[in-house]
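What follows is a short report on a single structure.
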Protein chains: 4
Amino acid sequence: MTHPLLDLAPLTAARFAAVERRVAALLETGNDVVITQGEALLPLEGCIRSGARPGSTALNVVTGPYGQTFGGWLRDCGAEVVDLEVPYDTAVTAAQVAEALAARPEIDFVSLVHAEAATGNTNPVAEIGEAVRAHGALFMLDAVASVAAEPLRTDAWGVDLCVIGAQKAMGGPAGVSAVSVSERAWERFAANPGAPRRSYLSLLDWKQRWIDAGRRALPHAPAQLEMLALEACLDRIEADGLKTVTARHASAAAATRAGAAALGGGLAPYVREARDAAPVATTLRTPAGVDASALVARALAADPGLPLAAGGGALAAEMIRVNHYGPDAAPGTVLSSLTALGAALAETGAPVDLLAARRAATEAWTG
Amino acid sequence: MTHPLLDLAPLTAARFAAVERRVAALLETGNDVVITQGEALLPLEGCIRSGARPGSTALNVVTGPYGQTFGGWLRDCGAEVVDLEVPYDTAVTAAQVAEALAARPEIDFVSLVHAEAATGNTNPVAEIGEAVRAHGALFMLDAVASVAAEPLRTDAWGVDLCVIGAQKAMGGPAGVSAVSVSERAWERFAANPGAPRRSYLSLLDWKQRWIDAGRRALPHAPAQLEMLALEACLDRIEADGLKTVTARHASAAAATRAGAAALGGGLAPYVREARDAAPVATTLRTPAGVDASALVARALAADPGLPLAAGGGALAAEMIRVNHYGPDAAPGTVLSSLTALGAALAETGAPVDLLAARRAATEAWTG
Amino acid sequence: MTHPLLDLAPLTAARFAAVERRVAALLETGNDVVITQGEALLPLEGCIRSGARPGSTALNVVTGPYGQTFGGWLRDCGAEVVDLEVPYDTAVTAAQVAEALAARPEIDFVSLVHAEAATGNTNPVAEIGEAVRAHGALFMLDAVASVAAEPLRTDAWGVDLCVIGAQKAMGGPAGVSAVSVSERAWERFAANPGAPRRSYLSLLDWKQRWIDAGRRALPHAPAQLEMLALEACLDRIEADGLKTVTARHASAAAATRAGAAALGGGLAPYVREARDAAPVATTLRTPAGVDASALVARALAADPGLPLAAGGGALAAEMIRVNHYGPDAAPGTVLSSLTALGAALAETGAPVDLLAARRAATEAWTG
Amino acid sequence: MTHPLLDLAPLTAARFAAVERRVAALLETGNDVVITQGEALLPLEGCIRSGARPGSTALNVVTGPYGQTFGGWLRDCGAEVVDLEVPYDTAVTAAQVAEALAARPEIDFVSLVHAEAATGNTNPVAEIGEAVRAHGALFMLDAVASVAAEPLRTDAWGVDLCVIGAQKAMGGPAGVSAVSVSERAWERFAANPGAPRRSYLSLLDWKQRWIDAGRRALPHAPAQLEMLALEACLDRIEADGLKTVTARHASAAAATRAGAAALGGGLAPYVREARDAAPVATTLRTPAGVDASALVARALAADPGLPLAAGGGALAAEMIRVNHYGPDAAPGTVLSSLTALGAALAETGAPVDLLAARRAATEAWTG
């Protein structure tokens, strides 16, 4: 029985290598790119377990929940961990990072999340990268929620390990991810006796069996469908132009923020400063007495397909997340999300102005 | 270069025949089903050119633009044509059809559109079928816009030629269609020297080369992708249950009609009686002074993906069509359509109540 | 229920027009290209019914079964038809065409098949085109079996109507086809009162509603899947290079012919001269006493996926067709076809040398 | 830009859970099934790292290269490892396993590969399972190369951890895999402080966040395409019937073995006893003086698409692997593989009889 997803021919090594080069171009890097066969947590975990070890000291910048996960992995590996945590409604500043580095000269690893999908903020990586480079530490960036949504300059910013996934702003598949690895990161991994080897988590295995072997034969068959979908989403980004894609995400964020402000009813931006707001998702605080989870549930009851969610963990009662990435970074989805939230708010008795919200969002989009 | 849409294996005769049987079940017919490789206009034209001839008299029921097209084809074939035209904002009644038949006993062919996507009405085929059967004429039904949106009982209603397409309520592909053909329809075609033979329009060719030959070998390769997509949409309908699918369309129509009424601002239902409103699309009249095309353009400027259109031809200035078939027969799409129309109306200065419209639509959906 | 073939977004007019331009480039033409929503028989029938009429005289070159079909359509339209039939095991020559034209100066339409998939020959269109142009007749070419398999120079050869399908050497979908139409062909169609209008067969309808309307809005939704698959196969041809694709087909033909010669056992080329052999399919004559249909059935019993067929009609007993187009224009398929035929021949007692056949085929491929 | 592999709707929890149940049915198990988002090495590594710990003793049955990998992981985890290695050209016997267990009563974990794709043998799991159950150890089975190719009775055989992948005999995607986990295996994992937690390798994370949480909400989005493809291949297996699918693989193995024997030229079965030969792949020894890698290279030069490979590692010079799983478990592929190998052997001067090989293979298939 023929099916479009079955019985596809295996991918050639040349074609796999071509995808690596296209991802490198997307990341603006000359470093090796490793395409990892799993969700982006796989290369993130692989990087930390390869780079951290007893005796090393890591500065772990925590601006959202993933930072907490990274801290756990770093400690698992026996590293000394300095957590630089900032309130989740702001970005970390380069000055804060520089200060933390100055306080602990032995820091040799810095982990940072670029854009935080869960809390809606984004960090100034260009400036932070300068501080990290000046200090000399290895710099790992989780760019899963920023790639294709905002500028990402791996080499210009001095990022040694830049991890991406395709399923957010790239609009691609969820079962493949990638990481670019600098030469000095490879050296650090190779010198670490505890780095994963002969393991699904190992980046060194892949380097040895594919990169160092001249990229002539694939060590084992990659997930064919994921690779085809990754190619297709790279095709689409290249056809549209990366600038157009990131501009669309910036517009979606501006429109959502402006629309929520004009809506009334007490929704307030969670991220204090607009310049710290991430293009992938806009987070909003509910007014006192309005439960965020219940509000989102009401909005989704009316329109189950909307990209709305309540905050995670402690924020479940007070924060709403409006996602607007990939195909959802579109005027229609933003307007529908605002309108559904407004209608749900109105049911609580709050005074809302749906028309004003839509007008403000439309102006912010095109403006 | 592997691609999911290329290099698919050819379809076997057994698999093609199985699709025919599943379409027959969908149409509730024991007649032959011919799967035609093109849009539904192909079998509609094929039926009329096969069934009509000089010396025959056709009752052509005109409740929308396709009826006009059918009249043209009937006249092309040399048939005498009696047009029974009713205002497009109502359904035809069985009494009107019975009267027309009684006035012209020589009528031997009746053409009717079940649901009119362009004008939003639907005709009472069960009752009309009784009248046609009593008269004895061959009965052709265009069910393209009704199949999977409302009940369709080909044999119980005495339909000799029932034409469907997959791209509306079935949510399937646009390049394949089907027609069920009764024994007496085949006899009429065979006796017509002017019926298309050796032609892309010919139904008789297919009967001879496939049905009469025992369905053992396909005369030529069907469009493989269209057949796979047709199978997939039949799978989905069967998994969801046909009743669930038609109920979803009925809810979408009820919600749109109720929401528009509650919106205010002067939008009025185009189809006068709710019982005559088609489940695939709701048509609305704009208030005096508001151009429908301009209103739709404004709504689509805000959200280009909405299934909205202005009326065709003379109705372009005064009628709006809200489509809600296939994946668009969903609460979210209906609410977004109503809201976008309301916001566009508000820009003209009309007083609208978006919240009331959404509430009414939601109640009508679940009610 | 999500499925890769369902719920695709509609195609935009701009994207549809881009496909037209890419097909024009493939055909090396500056004429309008009409993409027809059906198998290639649709535009072939559309061209003849649009171009032929009572009072016109057509030279119908018959080098295979499609020529007979064309003659039938031409006569249906009331044209006077001059059939120039040559034995199916040779090509027609330009001299034969010139002579036929000279004998009937009133000829105003010439129909020709480029490559004959059924009989395995190909005609010298460049030279024939010169004769037709000198005479001034409208020139229709059926290039379904030649496009992407051998050079096709629509404008350089003076072809007014060049019809292609995607499902042979292009390796694309079966439910879409195309025809390029010269200005003078459009004029001829427009002047013909019998040309199909308001019909699935009509090319004039499409011109009026799409081309003349500035290609701004699609008159009705094309078959979305077919268009996506057509784009994908154009992508693949452009990425591989058209020359590489045609060279692959030429190699497949040379290898099959050479392999069959070396096999022994009495298989002989059906097309007498190698220069007349088509790159899409190689036809072979079975030795006396060996039934071609039975031989093919035996070969397919062993390997049901091979692209082998017995000849059609009167040739069923004596001719074998080895298809080698699209993905089957590959060394492995050619070798498997030759080997399976050889093994089936051996069962009849014929002396065959499978190794020699494979060696000769491999040499001819690379040579 | 629309693409069939992009912008698919997310999978619901209910649909994900339904796939789990269908995999459980395929494995004939009532245990929990965990669907893992990566190649099957992921759950294999996850099982061993969850189940093994300092203080435990594992019997690692080594009948091919994966057994060696398992031994490495078991030692990494601090377990005492007893390797029971048998020559790769035979299966292990239940008696050998029973003896090894009797010698070390403290053994609490047994790892075994069902079918060895690399060496072409298969082990008698039913009998071995009895011995392991009698002993009481936890029993892990790598069934990646056996599922859908031969009977697999997880519960009847007492398998605690049964790992499968979809990309071999199931003919499905390569980026998803699964493991069934018995209650006592879960208990063992939970009691192991070194078992992966908060890790891509962790099975316990998934149990906690999905199974124990009532399978109500997916902890994170699974790879959508992989899941759709897994559903499609389960559809196909269920439609064909699992017995038909395994019978097809058994026929392919029998045909390849018989064909190679009849070919002459010195190819000998690598697996000594036919009853130990795996249905996924047939391994053959080249005659003295004939390098297996060079022979395979020659065969692939003629037909690059054939599923042929030389042995890995030390076997590269002397062993050929003919794969015949999924779509390659077909008569045509088997015949083409045998013929291509025979032709390549003939080039070395060996006397081969291609016709005899094909006859013997065809008889063995149908016999």
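For the structure tokens, the naming scheme is as follows: chains receive sequential letters (A, B, ...) according to their order of presentation, residues are indexed from 1 within each chain, and ligands are indexed from 1 in presentation order.
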Looking only at the backbone, which of the residues in segment 9-226 of chain C does DSSP tag as strand (DSSP E or B), as a short mmCIF file (atom, residue, chain, number, x, y, z; two decimals) with C-alpha atoms, in the first residue's frame?
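For reference, out-v7.cif as written:
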data_model
loop_
_atom_site.label_atom_id
_atom_site.label_comp_id
_atom_site.auth_asym_id
_atom_site.auth_seq_id
_atom_site.Cartn_x
_atom_site.Cartn_y
_atom_site.Cartn_z
CA ASP C 32 1.34 30.94 -23.62
CA VAL C 33 1.31 27.76 -21.57
CA VAL C 34 -2.03 26.40 -20.39
CA ILE C 35 -1.87 23.96 -17.50
CA THR C 36 -4.74 21.55 -17.89
CA THR C 57 -8.06 19.89 -44.06
CA ALA C 58 -5.72 18.12 -41.70
CA LEU C 59 -2.62 16.07 -42.33
CA ASN C 60 -2.65 13.46 -39.59
CA VAL C 61 0.67 11.65 -39.33
CA VAL C 62 0.03 8.19 -37.94
CA GLU C 80 -11.17 16.55 -44.15
CA VAL C 81 -8.40 14.24 -42.98
CA VAL C 82 -5.37 13.07 -44.88
CA ASP C 83 -3.80 10.21 -42.93
CA LEU C 84 -0.10 9.75 -43.55
CA GLU C 85 0.50 6.37 -42.01
CA ILE C 107 -3.89 21.40 -45.58
CA ASP C 108 -4.08 23.84 -42.69
CA PHE C 109 -3.46 21.58 -39.69
CA VAL C 110 -0.81 18.95 -39.03
CA SER C 111 -0.90 16.54 -36.08
CA LEU C 112 2.13 14.49 -35.10
CA VAL C 113 3.26 12.39 -32.18
CA ALA C 115 7.82 9.83 -29.42
CA ASN C 121 9.86 5.01 -32.19
CA THR C 122 10.47 8.75 -32.31
CA LEU C 138 -0.87 24.87 -37.81
CA PHE C 139 1.39 22.30 -36.17
CA MET C 140 0.27 20.23 -33.18
CA LEU C 141 2.82 17.98 -31.47
CA ASP C 142 2.08 15.31 -28.88
CA LEU C 161 0.51 23.41 -30.00
CA CYS C 162 2.90 21.41 -27.88
CA VAL C 163 1.20 19.03 -25.45
CA ILE C 164 2.98 17.39 -22.53
CA GLY C 165 2.20 15.30 -19.48
CA SER C 177 -0.81 18.23 -18.20
CA ALA C 178 0.04 21.29 -20.28
CA VAL C 179 -0.06 22.73 -23.75
CA SER C 180 1.75 25.69 -25.23
CA VAL C 181 -0.37 27.71 -27.65
#
Those in segment 16-250 of chain C with alpha helix (DSSP H) from DSSP, as a count of residues only = 94
Atom CA of Met170 of chain D and atom CA of Pro10 of chain A, how far apart in Å?
-> 15.5 Å
Using only C-alpha atoms, select each residue of chain A with any atom at most 6 Å away from an atom of chain B, and give the selection as number ranges by chain.
-> A: 4, 303, 331-332
Just C-alpha atoms for this one: save the residues we selected as a PDB file, in the first residue's frame.
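Written out: selection.pdb:
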ATOM      1  CA  PRO A   4       3.611   9.417   0.853  1.00  0.00           C
ATOM      2  CA  ASP A 303     -11.538  28.263  19.346  1.00  0.00           C
ATOM      3  CA  PRO A 331      -2.005  38.732  11.295  1.00  0.00           C
ATOM      4  CA  GLY A 332      -5.060  36.506  11.355  1.00  0.00           C
TER       5      GLY A 332
END
Can you pull out every residue within 9 Å of segment 312-324 of chain A, counting only C-alpha atoms, but drop anything in the same chain fewer than 4 positions away, and send it as a PyMOL selection string?
-> chain A and resi 65+117-120+169+249+252-253+256+270+279-288+290-296+306-308+328-330+333-334+337-338
Of the candidates D:Pro151, D:Gly30, D:Gly172, D:Pro105, which one gets nearest to Leu234 of chain D if we count only C-alpha atoms?
->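 Once distances to Leu234 of chain D are computed over only C-alpha atoms, the minimum belongs to D:Gly172.
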Can you list, as a ChimeraX atom specification, every protein, DNA or RNA residue that comes within 10 Å of Lys207 of chain B when you count only C-alpha atoms, leaving out same-chain residues fewer than 4 positions away?
-> /B:32-34,186,202-203,211-215
Can you pull out the residues contacting Ser50 of chain C? Cut-off 7 Å, using only C-alpha atoms, and skip same-chain residues under 2 positions away; I want them as a PDB file with all heavy atoms, in the first residue's frame.
ATOM      1  N   GLY C  46      -8.684  18.801 -26.579  1.00  0.00           N
ATOM      2  CA  GLY C  46      -9.051  20.221 -26.603  1.00  0.00           C
ATOM      3  C   GLY C  46      -8.446  20.939 -27.800  1.00  0.00           C
ATOM      4  O   GLY C  46      -9.116  21.747 -28.468  1.00  0.00           O
ATOM      5  N   CYS C  47      -7.192  20.649 -28.118  1.00  0.00           N
ATOM      6  CA  CYS C  47      -6.537  21.298 -29.258  1.00  0.00           C
ATOM      7  C   CYS C  47      -7.217  20.933 -30.568  1.00  0.00           C
ATOM      8  O   CYS C  47      -7.477  21.791 -31.415  1.00  0.00           O
ATOM      9  CB  CYS C  47      -5.070  20.869 -29.333  1.00  0.00           C
ATOM     10  SG  CYS C  47      -4.026  21.661 -28.117  1.00  0.00           S
ATOM     11  N   ILE C  48      -7.480  19.646 -30.752  1.00  0.00           N
ATOM     12  CA  ILE C  48      -8.054  19.230 -32.038  1.00  0.00           C
ATOM     13  C   ILE C  48      -9.479  19.753 -32.174  1.00  0.00           C
ATOM     14  O   ILE C  48      -9.856  20.302 -33.216  1.00  0.00           O
ATOM     15  CB  ILE C  48      -7.981  17.697 -32.193  1.00  0.00           C
ATOM     16  CG1 ILE C  48      -6.516  17.317 -32.439  1.00  0.00           C
ATOM     17  CG2 ILE C  48      -8.893  17.220 -33.320  1.00  0.00           C
ATOM     18  CD1 ILE C  48      -6.272  15.846 -32.662  1.00  0.00           C
ATOM     19  N   ALA C  52      -9.888  22.152 -35.362  1.00  0.00           N
ATOM     20  CA  ALA C  52     -10.443  21.534 -36.570  1.00  0.00           C
ATOM     21  C   ALA C  52     -11.902  21.931 -36.744  1.00  0.00           C
ATOM     22  O   ALA C  52     -12.620  22.155 -35.771  1.00  0.00           O
ATOM     23  CB  ALA C  52     -10.317  20.017 -36.485  1.00  0.00           C
ATOM     24  N   PHE C 189      -8.423  29.185 -33.046  1.00  0.00           N
ATOM     25  CA  PHE C 189      -9.445  28.695 -32.113  1.00  0.00           C
ATOM     26  C   PHE C 189     -10.597  29.710 -32.017  1.00  0.00           C
ATOM     27  O   PHE C 189     -11.780  29.352 -32.076  1.00  0.00           O
ATOM     28  CB  PHE C 189      -8.870  28.498 -30.714  1.00  0.00           C
ATOM     29  CG  PHE C 189      -7.868  27.384 -30.573  1.00  0.00           C
ATOM     30  CD1 PHE C 189      -7.496  26.589 -31.660  1.00  0.00           C
ATOM     31  CD2 PHE C 189      -7.281  27.117 -29.344  1.00  0.00           C
ATOM     32  CE1 PHE C 189      -6.561  25.568 -31.515  1.00  0.00           C
ATOM     33  CE2 PHE C 189      -6.358  26.098 -29.193  1.00  0.00           C
ATOM     34  CZ  PHE C 189      -5.995  25.330 -30.274  1.00  0.00           C
ATOM     35  N   ASN C 192     -13.109  29.768 -34.707  1.00  0.00           N
ATOM     36  CA  ASN C 192     -13.843  28.509 -34.941  1.00  0.00           C
ATOM     37  C   ASN C 192     -15.123  28.473 -34.100  1.00  0.00           C
ATOM     38  O   ASN C 192     -15.067  28.328 -32.877  1.00  0.00           O
ATOM     39  CB  ASN C 192     -12.930  27.333 -34.564  1.00  0.00           C
ATOM     40  CG  ASN C 192     -13.609  25.990 -34.794  1.00  0.00           C
ATOM     41  OD1 ASN C 192     -14.738  25.915 -35.290  1.00  0.00           O
ATOM     42  ND2 ASN C 192     -12.917  24.929 -34.407  1.00  0.00           N
ATOM     43  N   ALA C 195     -15.418  25.485 -31.763  1.00  0.00           N
ATOM     44  CA  ALA C 195     -14.425  25.208 -30.718  1.00  0.00           C
ATOM     45  C   ALA C 195     -15.133  25.108 -29.372  1.00  0.00           C
ATOM     46  O   ALA C 195     -16.053  25.875 -29.094  1.00  0.00           O
ATOM     47  CB  ALA C 195     -13.378  26.326 -30.685  1.00  0.00           C
ATOM     48  N   PRO C 196     -14.719  24.157 -28.526  1.00  0.00           N
ATOM     49  CA  PRO C 196     -15.368  24.039 -27.220  1.00  0.00           C
ATOM     50  C   PRO C 196     -15.310  25.352 -26.441  1.00  0.00           C
ATOM     51  O   PRO C 196     -14.254  25.991 -26.364  1.00  0.00           O
ATOM     52  CB  PRO C 196     -14.547  22.949 -26.513  1.00  0.00           C
ATOM     53  CG  PRO C 196     -13.931  22.140 -27.602  1.00  0.00           C
ATOM     54  CD  PRO C 196     -13.675  23.128 -28.716  1.00  0.00           C
TER      55      PRO C 196
END
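Rounded to one decimal, atom CA of Glu226 of chain B and atom CA of Gln167 of chain B lie 10.8 Å from each other.
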State, in Å with one decimal place, the distance from atom CA of Phe16 of chain D to atom CA of Arg184 of chain D.
->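 Atom-to-atom, atom CA of Phe16 of chain D to atom CA of Arg184 of chain D, that is 24.2 Å.
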